[in-house]
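K.L.:
Sharing run-v5.pdb (PDB, C-alpha atoms) below.
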MODEL        1
ATOM      1  CA  MET L 203      57.449  -1.357 -94.645
ATOM      2  CA  ASN L 204      55.402  -1.640 -91.478
ATOM      3  CA  LEU L 205      56.691  -0.205 -88.226
ATOM      4  CA  PHE L 206      55.728   0.114 -84.600
ATOM      5  CA  ILE L 207      56.142   3.587 -83.117
ATOM      6  CA  CYS L 208      56.096   3.796 -79.345
ATOM      7  CA  ILE L 209      56.676   6.762 -77.046
ATOM      8  CA  ASP L 210      56.694   7.314 -73.309
ATOM      9  CA  ASP L 211      57.303   9.981 -70.677
ATOM     10  CA  THR L 212      56.284  12.883 -72.895
ATOM     11  CA  ASP L 213      53.946  14.679 -70.532
ATOM     12  CA  ASP L 214      53.606  16.543 -67.281
ATOM     13  CA  LEU L 215      50.580  17.068 -65.079
ATOM     14  CA  ASP L 216      49.192  19.886 -67.229
ATOM     15  CA  SER L 217      50.166  18.890 -70.769
ATOM     16  CA  ILE L 218      48.332  16.674 -73.227
ATOM     17  CA  GLY L 219      48.802  12.990 -72.530
ATOM     18  CA  THR L 220      51.224  10.680 -74.268
ATOM     19  CA  GLY L 221      48.395   9.010 -76.185
ATOM     20  CA  GLU L 222      47.170  12.290 -77.631
ATOM     21  CA  LEU L 223      50.706  13.338 -78.489
ATOM     22  CA  LEU L 224      51.281  10.070 -80.348
ATOM     23  CA  GLU L 225      47.987  10.501 -82.143
ATOM     24  CA  ASN L 226      48.979  14.018 -83.203
ATOM     25  CA  MET L 227      52.455  12.907 -84.264
ATOM     26  CA  ARG L 228      51.079   9.974 -86.251
ATOM     27  CA  ASP L 229      48.588  12.202 -88.047
ATOM     28  CA  ALA L 230      51.193  14.891 -88.708
ATOM     29  CA  ALA L 231      53.538  12.311 -90.214
ATOM     30  CA  ALA L 232      50.761  11.096 -92.467
ATOM     31  CA  ALA L 233      49.950  14.667 -93.460
ATOM     32  CA  GLN L 234      53.607  15.074 -94.448
ATOM     33  CA  GLY L 235      53.176  12.201 -96.865
ATOM     34  CA  LEU L 236      55.308   9.826 -94.849
ATOM     35  CA  GLY L 237      52.766   7.043 -94.844
ATOM     36  CA  GLU L 238      49.709   5.881 -92.959
ATOM     37  CA  GLY L 239      49.257   5.222 -89.261
ATOM     38  CA  GLY L 240      47.192   2.647 -87.416
ATOM     39  CA  PHE L 241      45.412   2.537 -84.089
ATOM     40  CA  ILE L 242      47.108   3.187 -80.763
ATOM     41  CA  VAL L 243      47.434   0.633 -77.974
ATOM     42  CA  ARG L 244      48.027   1.596 -74.347
ATOM     43  CA  TYR L 245      50.173  -0.621 -72.177
ATOM     44  CA  GLN L 246      50.202  -0.378 -68.414
ATOM     45  CA  LEU L 247      53.692  -0.622 -66.984
ATOM     46  CA  LEU L 248      54.707  -1.184 -63.378
ATOM     47  CA  ILE L 249      53.454   1.192 -60.715
ATOM     48  CA  ASP L 250      56.279   1.541 -58.217
ATOM     49  CA  ASP L 251      57.725   4.384 -56.173
ATOM     50  CA  ALA L 252      61.127   3.706 -57.705
ATOM     51  CA  ILE L 253      59.833   4.731 -61.137
ATOM     52  CA  PRO L 254      59.532   8.472 -61.868
ATOM     53  CA  TYR L 255      56.315   8.347 -63.965
ATOM     54  CA  THR L 256      53.998  11.336 -64.162
ATOM     55  CA  SER L 257      50.738   9.770 -63.040
ATOM     56  CA  HIS L 258      50.027   6.316 -64.484
ATOM     57  CA  ASN L 259      53.145   4.866 -66.153
ATOM     58  CA  SER L 260      51.591   3.763 -69.400
ATOM     59  CA  SER L 261      53.182   3.762 -72.826
ATOM     60  CA  MET L 262      51.505   4.179 -76.204
ATOM     61  CA  CYS L 263      52.246   2.336 -79.416
ATOM     62  CA  CYS L 264      50.867   2.620 -82.944
ATOM     63  CA  THR L 265      51.638   1.007 -86.269
ATOM     64  CA  PHE L 266      52.784   2.981 -89.277
ATOM     65  CA  ARG L 267      53.225   1.945 -92.892
ATOM     66  CA  THR L 268      55.922   3.907 -94.715
ATOM     67  CA  ASP L 269      58.274   3.736 -97.668
ATOM     68  CA  ASP L 270      60.889   5.892 -95.963
ATOM     69  CA  ARG L 271      61.855   4.738 -92.483
ATOM     70  CA  ASP L 272      64.701   7.210 -92.170
ATOM     71  CA  ALA L 273      62.490  10.187 -92.992
ATOM     72  CA  LEU L 274      59.782   8.976 -90.630
ATOM     73  CA  THR L 275      62.279   8.464 -87.829
ATOM     74  CA  ALA L 276      63.713  11.940 -88.333
ATOM     75  CA  PHE L 277      60.221  13.399 -88.360
ATOM     76  CA  CYS L 278      59.234  11.678 -85.112
ATOM     77  CA  ARG L 279      62.426  12.731 -83.379
ATOM     78  CA  ALA L 280      61.984  16.356 -84.393
ATOM     79  CA  TYR L 281      58.324  16.243 -83.400
ATOM     80  CA  LEU L 282      59.115  15.007 -79.929
ATOM     81  CA  GLU L 283      61.836  17.611 -79.497
ATOM     82  CA  THR L 284      59.311  20.369 -80.082
ATOM     83  CA  HIS L 285      56.067  18.979 -78.674
ATOM     84  CA  CYS L 286      56.878  17.155 -75.431
ATOM     85  CA  ALA L 287      56.224  18.878 -72.143
ATOM     86  CA  ASP L 288      59.062  20.832 -70.575
ATOM     87  CA  GLY L 289      60.649  18.778 -67.849
ATOM     88  CA  SER L 290      59.483  15.463 -69.290
ATOM     89  CA  ASP L 291      61.842  12.596 -70.137
ATOM     90  CA  PRO L 292      60.682  11.475 -73.588
ATOM     91  CA  GLY L 293      61.788   8.331 -75.307
ATOM     92  CA  LEU L 294      61.008   6.963 -78.758
ATOM     93  CA  CYS L 295      61.203   3.432 -80.086
ATOM     94  CA  ILE L 296      60.771   2.486 -83.727
ATOM     95  CA  LEU L 297      60.609  -1.223 -84.418
ATOM     96  CA  THR L 298      60.062  -3.154 -87.626
ATOM     97  CA  ASP L 299      56.660  -4.826 -87.754
ATOM     98  CA  ASP L 300      57.577  -8.024 -89.561
ATOM     99  CA  PRO L 301      55.828 -11.315 -88.732
ATOM    100  CA  ALA L 302      58.969 -13.150 -89.847
ATOM    101  CA  VAL L 303      61.003 -11.527 -87.077
ATOM    102  CA  ASP L 304      60.877 -13.202 -83.674
ATOM    103  CA  CYS L 305      60.086 -10.364 -81.284
ATOM    104  CA  ALA L 306      59.926 -12.603 -78.218
ATOM    105  CA  PRO L 307      63.003 -11.037 -76.580
ATOM    106  CA  LEU L 308      61.483  -7.555 -76.803
ATOM    107  CA  ALA L 309      58.103  -8.827 -75.663
ATOM    108  CA  ALA L 310      59.878 -10.360 -72.692
ATOM    109  CA  PHE L 311      61.484  -7.015 -71.931
ATOM    110  CA  GLY L 312      58.044  -5.420 -72.070
ATOM    111  CA  ALA L 313      56.653  -8.001 -69.698
ATOM    112  CA  ARG L 314      59.521  -7.303 -67.320
ATOM    113  CA  ALA L 315      58.694  -3.603 -67.373
ATOM    114  CA  GLN L 316      55.164  -4.510 -66.307
ATOM    115  CA  THR L 317      56.296  -6.480 -63.290
ATOM    116  CA  GLU L 318      59.685  -5.198 -62.115
ATOM    117  CA  VAL L 319      61.780  -2.049 -62.102
ATOM    118  CA  VAL L 320      64.006  -1.966 -65.174
ATOM    119  CA  THR L 321      66.640   0.607 -66.038
ATOM    120  CA  LYS L 322      67.587   2.566 -69.097
ATOM    121  CA  ARG L 323      70.699   0.399 -69.317
ATOM    122  CA  ASP L 324      68.443  -2.675 -69.397
ATOM    123  CA  ALA L 325      66.494  -1.145 -72.274
ATOM    124  CA  TYR L 326      69.581  -0.356 -74.339
ATOM    125  CA  ASP L 327      70.997  -3.802 -73.653
ATOM    126  CA  ALA L 328      67.761  -5.448 -74.783
ATOM    127  CA  ALA L 329      67.609  -3.316 -77.937
ATOM    128  CA  GLU L 330      71.252  -3.962 -78.766
ATOM    129  CA  ALA L 331      70.866  -7.701 -78.281
ATOM    130  CA  PHE L 332      67.821  -7.671 -80.537
ATOM    131  CA  GLY L 333      69.645  -6.091 -83.447
ATOM    132  CA  VAL L 334      69.198  -3.521 -86.160
ATOM    133  CA  ASP L 335      65.417  -3.582 -86.535
ATOM    134  CA  VAL L 336      64.887  -1.432 -83.468
ATOM    135  CA  SER L 337      65.983   2.113 -82.690
ATOM    136  CA  LEU L 338      65.796   3.967 -79.389
ATOM    137  CA  SER L 339      66.250   7.686 -78.905
ATOM    138  CA  GLU L 340      65.999  10.147 -76.032
ATOM    139  CA  HIS L 341      64.454  13.584 -76.445
ATOM    140  CA  GLY L 342      64.979  15.525 -73.266
ATOM    141  CA  GLY L 343      65.326  15.278 -69.528
ATOM    142  CA  THR L 344      66.685  11.988 -68.295
ATOM    143  CA  GLY L 345      65.543  10.170 -71.430
ATOM    144  CA  ASP L 346      64.085   7.460 -69.238
ATOM    145  CA  GLY L 347      61.150   7.290 -71.633
ATOM    146  CA  VAL L 348      63.158   4.876 -73.767
ATOM    147  CA  ILE L 349      62.361   2.207 -71.161
ATOM    148  CA  GLY L 350      58.613   2.430 -71.640
ATOM    149  CA  ALA L 351      58.982   3.059 -75.354
ATOM    150  CA  LEU L 352      60.884  -0.177 -75.879
ATOM    151  CA  ALA L 353      58.582  -2.024 -73.508
ATOM    152  CA  GLY L 354      55.452  -0.855 -75.319
ATOM    153  CA  ALA L 355      56.837  -1.683 -78.753
ATOM    154  CA  GLY L 356      57.906  -5.119 -77.544
ATOM    155  CA  LEU L 357      54.521  -5.810 -76.006
ATOM    156  CA  ARG L 358      52.724  -4.711 -79.151
ATOM    157  CA  ALA L 359      54.985  -6.785 -81.371
ATOM    158  CA  GLY L 360      54.421  -9.748 -79.069
ATOM    159  CA  LYS L 361      50.637  -9.247 -79.349
ATOM    160  CA  ALA L 362      50.259  -8.619 -75.626
ATOM    161  CA  GLU L 363      46.850  -7.421 -74.529
ATOM    162  CA  GLY L 364      46.363  -3.682 -74.155
ATOM    163  CA  LYS L 365      43.641  -1.086 -74.422
ATOM    164  CA  ILE L 366      43.008   0.649 -77.723
ATOM    165  CA  LYS L 367      42.883   4.430 -77.459
ATOM    166  CA  GLY L 368      39.467   5.909 -78.068
ATOM    167  CA  LYS L 369      35.988   4.450 -78.049
ATOM    168  CA  LEU L 370      33.590   2.881 -80.524
ATOM    169  CA  TYR L 371      30.343   4.837 -80.724
ATOM    170  CA  PRO L 372      26.916   3.458 -81.618
ATOM    171  CA  LEU L 373      24.948   4.669 -84.603
ATOM    172  CA  PRO L 374      21.625   6.103 -83.387
ATOM    173  CA  ASP L 375      19.728   4.630 -86.315
ATOM    174  CA  ARG L 376      21.257   1.186 -86.027
ATOM    175  CA  PRO L 377      21.111  -0.047 -82.447
ATOM    176  CA  VAL L 378      20.812  -3.723 -83.363
ATOM    177  CA  MET L 379      23.026  -5.651 -85.742
ATOM    178  CA  THR L 380      24.681  -9.009 -86.055
ATOM    179  CA  ALA L 381      28.143  -9.609 -84.669
ATOM    180  CA  GLU L 382      29.352 -10.026 -88.227
ATOM    181  CA  ALA L 383      27.949  -6.644 -89.264
ATOM    182  CA  PHE L 384      29.352  -4.992 -86.142
ATOM    183  CA  ALA L 385      32.818  -6.378 -86.865
ATOM    184  CA  ALA L 386      32.705  -5.174 -90.458
ATOM    185  CA  LEU L 387      31.377  -1.725 -89.559
ATOM    186  CA  TYR L 388      33.914  -1.013 -86.805
ATOM    187  CA  GLY L 389      36.927  -2.933 -88.072
ATOM    188  CA  VAL L 390      36.799  -5.399 -85.206
ATOM    189  CA  GLY L 391      38.787  -8.588 -85.631
ATOM    190  CA  GLN L 392      37.087 -10.687 -82.984
ATOM    191  CA  ILE L 393      34.075 -10.452 -80.711
ATOM    192  CA  VAL L 394      34.098 -12.475 -77.522
ATOM    193  CA  ASP L 395      31.917 -12.869 -74.461
ATOM    194  CA  ASP L 396      33.175 -11.990 -71.001
ATOM    195  CA  ALA L 397      34.544 -15.514 -70.658
ATOM    196  CA  GLY L 398      36.640 -14.991 -73.774
ATOM    197  CA  GLN L 399      34.589 -17.270 -76.006
ATOM    198  CA  PRO L 400      34.009 -16.123 -79.595
ATOM    199  CA  LEU L 401      30.493 -15.216 -80.656
ATOM    200  CA  ASP L 402      28.686 -16.769 -83.561
ATOM    201  CA  PRO L 403      28.676 -14.206 -86.406
ATOM    202  CA  SER L 404      24.902 -14.294 -86.564
ATOM    203  CA  THR L 405      24.487 -13.281 -82.910
ATOM    204  CA  GLN L 406      22.398 -10.155 -82.460
ATOM    205  CA  LEU L 407      24.136  -7.301 -80.623
ATOM    206  CA  HIS L 408      22.455  -4.274 -79.088
ATOM    207  CA  PHE L 409      24.908  -1.406 -79.415
ATOM    208  CA  THR L 410      23.558   1.664 -77.644
ATOM    209  CA  GLU L 411      26.435   2.859 -75.428
ATOM    210  CA  PRO L 412      30.088   3.593 -76.339
ATOM    211  CA  THR L 413      32.503   0.756 -75.794
ATOM    212  CA  LYS L 414      36.256   0.321 -75.538
ATOM    213  CA  ALA L 415      38.062  -2.113 -77.802
ATOM    214  CA  LEU L 416      41.007  -4.197 -76.690
ATOM    215  CA  PHE L 417      44.068  -5.382 -78.536
ATOM    216  CA  ARG L 418      44.012  -9.117 -77.825
ATOM    217  CA  ASP L 419      45.547 -12.021 -79.727
ATOM    218  CA  GLY L 420      46.872  -9.460 -82.194
ATOM    219  CA  LYS L 421      43.345  -8.362 -83.108
ATOM    220  CA  VAL L 422      41.015  -5.494 -82.392
ATOM    221  CA  THR L 423      38.719  -7.183 -79.907
ATOM    222  CA  CYS L 424      35.297  -6.288 -78.587
ATOM    223  CA  VAL L 425      33.983  -7.874 -75.404
ATOM    224  CA  VAL L 426      30.224  -8.267 -75.106
ATOM    225  CA  VAL L 427      28.202  -8.730 -71.938
ATOM    226  CA  ARG L 428      24.651  -9.835 -71.298
ATOM    227  CA  GLU L 429      22.493  -7.131 -69.744
ATOM    228  CA  ASP L 430      18.716  -6.896 -69.564
ATOM    229  CA  GLY L 431      18.448 -10.094 -71.546
ATOM    230  CA  VAL L 432      20.451  -8.893 -74.557
ATOM    231  CA  LEU L 433      24.086  -9.004 -75.607
ATOM    232  CA  LYS L 434      25.825  -5.655 -75.919
ATOM    233  CA  PRO L 435      29.394  -4.430 -76.390
ATOM    234  CA  GLN L 436      30.635  -3.805 -72.864
ATOM    235  CA  PRO L 437      29.844  -0.185 -72.039
ATOM    236  CA  LYS L 438      32.472   2.025 -70.456
ATOM    237  CA  ARG L 439      30.344   3.557 -67.759
ATOM    238  CA  LYS L 440      30.436   4.678 -64.200
ATOM    239  CA  LYS L 441      31.819   2.201 -61.738
ATOM    240  CA  GLU L 442      29.397   0.843 -59.205
ATOM    241  CA  LYS L 443      29.622   3.184 -56.256
ATOM    242  CA  ARG L 444      30.527   1.452 -53.049
ATOM    243  CA  HIS L 445      32.662   1.965 -50.010
ATOM    244  CA  VAL L 446      35.542  -0.347 -49.186
TER     245      VAL L 446
ATOM    246  CA  MET V 218      40.257  11.582 -46.928
ATOM    247  CA  PHE V 219      44.012  11.916 -47.333
ATOM    248  CA  ASP V 220      46.937  10.993 -45.128
ATOM    249  CA  LEU V 221      50.078  13.075 -45.227
ATOM    250  CA  VAL V 222      52.915  10.597 -45.774
ATOM    251  CA  ASP V 223      56.415  11.950 -46.346
ATOM    252  CA  GLY V 224      54.887  15.209 -47.476
ATOM    253  CA  LYS V 225      52.536  13.514 -49.944
ATOM    254  CA  ALA V 226      48.735  13.491 -49.788
ATOM    255  CA  VAL V 227      47.903   9.780 -49.964
ATOM    256  CA  TRP V 228      44.269   8.817 -50.568
ATOM    257  CA  GLN V 229      42.928   6.746 -47.681
ATOM    258  CA  GLY V 230      40.398   4.830 -49.737
ATOM    259  CA  GLY V 231      42.626   2.648 -51.856
ATOM    260  CA  ARG V 232      41.705   2.044 -55.477
ATOM    261  CA  GLU V 233      38.034   1.180 -55.244
ATOM    262  CA  ASP V 234      36.335   3.658 -52.964
ATOM    263  CA  TYR V 235      34.379   5.119 -55.859
ATOM    264  CA  GLU V 236      31.778   6.933 -53.791
ATOM    265  CA  LYS V 237      34.231   8.828 -51.623
ATOM    266  CA  ALA V 238      36.457   9.602 -54.590
ATOM    267  CA  ALA V 239      33.495  11.082 -56.430
ATOM    268  CA  GLU V 240      32.537  13.150 -53.403
ATOM    269  CA  ALA V 241      36.073  14.420 -52.983
ATOM    270  CA  ALA V 242      36.441  15.402 -56.644
ATOM    271  CA  SER V 243      33.082  17.145 -56.687
ATOM    272  CA  ALA V 244      34.200  19.317 -53.790
ATOM    273  CA  CYS V 245      37.657  20.018 -55.196
ATOM    274  CA  GLY V 246      38.544  23.126 -57.174
ATOM    275  CA  HIS V 247      41.529  21.397 -58.745
ATOM    276  CA  PHE V 248      39.684  18.545 -60.441
ATOM    277  CA  ARG V 249      40.484  18.170 -64.121
ATOM    278  CA  ALA V 250      39.523  15.055 -66.015
ATOM    279  CA  ASP V 251      42.447  13.027 -67.289
ATOM    280  CA  CYS V 252      42.517  11.922 -70.912
ATOM    281  CA  GLU V 253      40.012   9.254 -71.868
ATOM    282  CA  GLU V 254      42.410   6.348 -72.025
ATOM    283  CA  GLU V 255      43.612   6.980 -68.487
ATOM    284  CA  ARG V 256      40.212   7.275 -66.834
ATOM    285  CA  ILE V 257      38.495   4.316 -65.247
ATOM    286  CA  ASP V 258      35.123   5.744 -66.303
ATOM    287  CA  ASP V 259      33.658   9.117 -67.176
ATOM    288  CA  ASP V 260      32.719  10.134 -63.644
ATOM    289  CA  VAL V 261      33.926  13.219 -61.797
ATOM    290  CA  SER V 262      36.189  11.370 -59.406
ATOM    291  CA  CYS V 263      39.654  11.654 -57.966
ATOM    292  CA  TYR V 264      40.327   8.367 -59.744
ATOM    293  CA  ASN V 265      39.820  10.147 -63.062
ATOM    294  CA  CYS V 266      41.697  13.331 -62.222
ATOM    295  CA  ARG V 267      44.883  14.203 -64.040
ATOM    296  CA  TYR V 268      46.401  15.290 -60.751
ATOM    297  CA  ARG V 269      46.251  11.845 -59.155
ATOM    298  CA  ARG V 270      49.385   9.764 -59.301
ATOM    299  CA  TRP V 271      48.713   6.072 -58.958
ATOM    300  CA  THR V 272      50.585   4.070 -56.384
ATOM    301  CA  ARG V 273      50.498   0.328 -55.778
ATOM    302  CA  GLY V 274      47.524   0.489 -53.454
ATOM    303  CA  SER V 275      46.033   3.926 -53.913
ATOM    304  CA  PHE V 276      47.047   7.317 -55.347
ATOM    305  CA  VAL V 277      48.729  10.529 -54.336
ATOM    306  CA  CYS V 278      46.953  13.839 -54.951
ATOM    307  CA  MET V 279      49.515  16.071 -56.622
ATOM    308  CA  LYS V 280      47.498  19.095 -55.525
ATOM    309  CA  GLY V 281      47.985  18.199 -51.891
ATOM    310  CA  GLY V 282      44.611  16.628 -51.272
ATOM    311  CA  ASN V 283      42.908  19.983 -51.060
ATOM    312  CA  ALA V 284      39.477  18.411 -51.293
TER     313      ALA V 284
ENDMDL
END
Rewrite the coordinates I just gave you, this time as structure tokens.
P.N.:
Amino acid sequence: MNLFICIDDTDDLDSIGTGELLENMRDAAAAQGLGEGGFIVRYQLLIDDAIPYTSHNSSMCCTFRTDDRDALTAFCRAYLETHCADGSDPGLCILTDDPAVDCAPLAAFGARAQTEVVTKRDAYDAAEAFGVDVSLSEHGGTGDGVIGALAGAGLRAGKAEGKIKGKLYPLPDRPVMTAEAFAALYGVGQIVDDAGQPLDPSTQLHFTEPTKALFRDGKVTCVVVREDGVLKPQPKRKKEKRHV
Amino acid sequence: MFDLVDGKAVWQGGREDYEKAAEAASACGHFRADCEEERIDDDVSCYNCRYRRWTRGSFVCMKGGNA
């Protein structure tokens, strides 16, 4: 079966981030023979003084294909117990990734967590109302991480847009290729311009600087921009320096 | 570059004063780059420091704004 695994509030100012911890946990679960993990999507949740986040209030969600949900769940819970930062408030959500299941209620909860302050009680109520395909668990501190964990899983299941962890790097010996070749080489599901319009597969791309992929419309998405007369995957580079 | 508000060092420049944030981070002994997915770019900047805590309009330096 396919699952979403989402965690939140696992870090402190000096520990590894939640994204890296999820990456490590996903890879450790795979190494244990529990299945195979997919890419990680970051979701930005609400920034508000009423929320006790560490520094940016984002949650991280990956997919995982497994034959043994119970064993995977137990593994993730034990992993969080031993790897989260002291003093953090970790939460874990495991949700069935099934296109036949209407995840709109959980996606709506996720959207709420991006725009208003929601409580742990709200999270448990939303999970309980949704049913048996979702599990929440707390792994230290206040356990408030279940809020972001459920929110991130709901957003991912609802195909909400988020940033994919990591970058895509160019191949030095292949700076120019068609959009179709780029998509095949990097596992990209859609390539769009900065207005969101899809590119013709035969379009030539100049890929010479690392780029970030997005999760958009349920697909790994690359945005291209026109610079110096050519189309290139949007580089993640220094912001234009200016005073405000 | 920081205001002390309720004991917290609040950055005066909001979220887009990239030049000043780069200057401040370059002069700060506490700067440590946050993980890639949480940085706005790869610059040495308070905006990319793991010790900045975002607020609605700016950030708080968790090292007290020692820059």
K.L.:
Enumerate, as number ranges by chain, the residues matched when the PyMOL selection byres ((chain L and resi 361-367) around 9) is run on the file above.
P.N.:
L: 221-222, 241-246, 262, 309, 313, 356-360, 368-369, 414-422; V: 253-254
K.L.:
Could you expand the PyMOL selection byres ((chain V and resi 266) around 12) into the explicit residues it covers here, written as a ChimeraX atom specification?
P.N.:
/L:215-216,257-258 /V:238-239,241-243,245-253,255-265,267-271,276-280,282
K.L.:
Which residues, named as in the file, does the PyMOL selection byres ((chain V and resi 232) around 6) pick out? Answer as a short mmCIF file (atom, residue, chain, number, x, y, z; two decimals) with C-alpha atoms, keeping the file's coordinate frame.
P.N.:
data_model
loop_
_atom_site.label_atom_id
_atom_site.label_comp_id
_atom_site.auth_asym_id
_atom_site.auth_seq_id
_atom_site.Cartn_x
_atom_site.Cartn_y
_atom_site.Cartn_z
CA GLY V 231 42.63 2.65 -51.86
CA GLU V 233 38.03 1.18 -55.24
CA SER V 275 46.03 3.93 -53.91
#
K.L.:
Which residue gives the smallest distance to chain L among V:Gly281, V:Asp220, V:Trp228, V:Glu236, with only C-alpha atoms counted?
P.N.:
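Of V:Gly281, V:Asp220, V:Trp228, V:Glu236, the one nearest chain L, counting only C-alpha atoms, is V:Glu236.
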K.L.:
Mind giving me the straight-line distance from CA of Pro372 in chain L to CA of Gln436 in chain L in Å, one decimal?
P.N.:
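Here the two named atoms are 12.0 Å from each other.
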K.L.:
Of the residues V:Arg273, V:Asn283, V:Leu221, V:Val227, which is the one nearest to chain L, using all atoms listed in the file?
P.N.:
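Nearest candidate to chain L out of V:Arg273, V:Asn283, V:Leu221, V:Val227: V:Arg273.
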K.L.:
Kindly list the centre and edge lengths in Å, rounded to one decimal, for the axis-aligned box that covers all listed atoms of range 214-230 of chain L plus 5 Å on each of its six sides, as JSON.
P.N.:
{"center_x": 50.4, "center_y": 14.4, "center_z": -76.9, "size_x": 16.4, "size_y": 20.9, "size_z": 33.6}
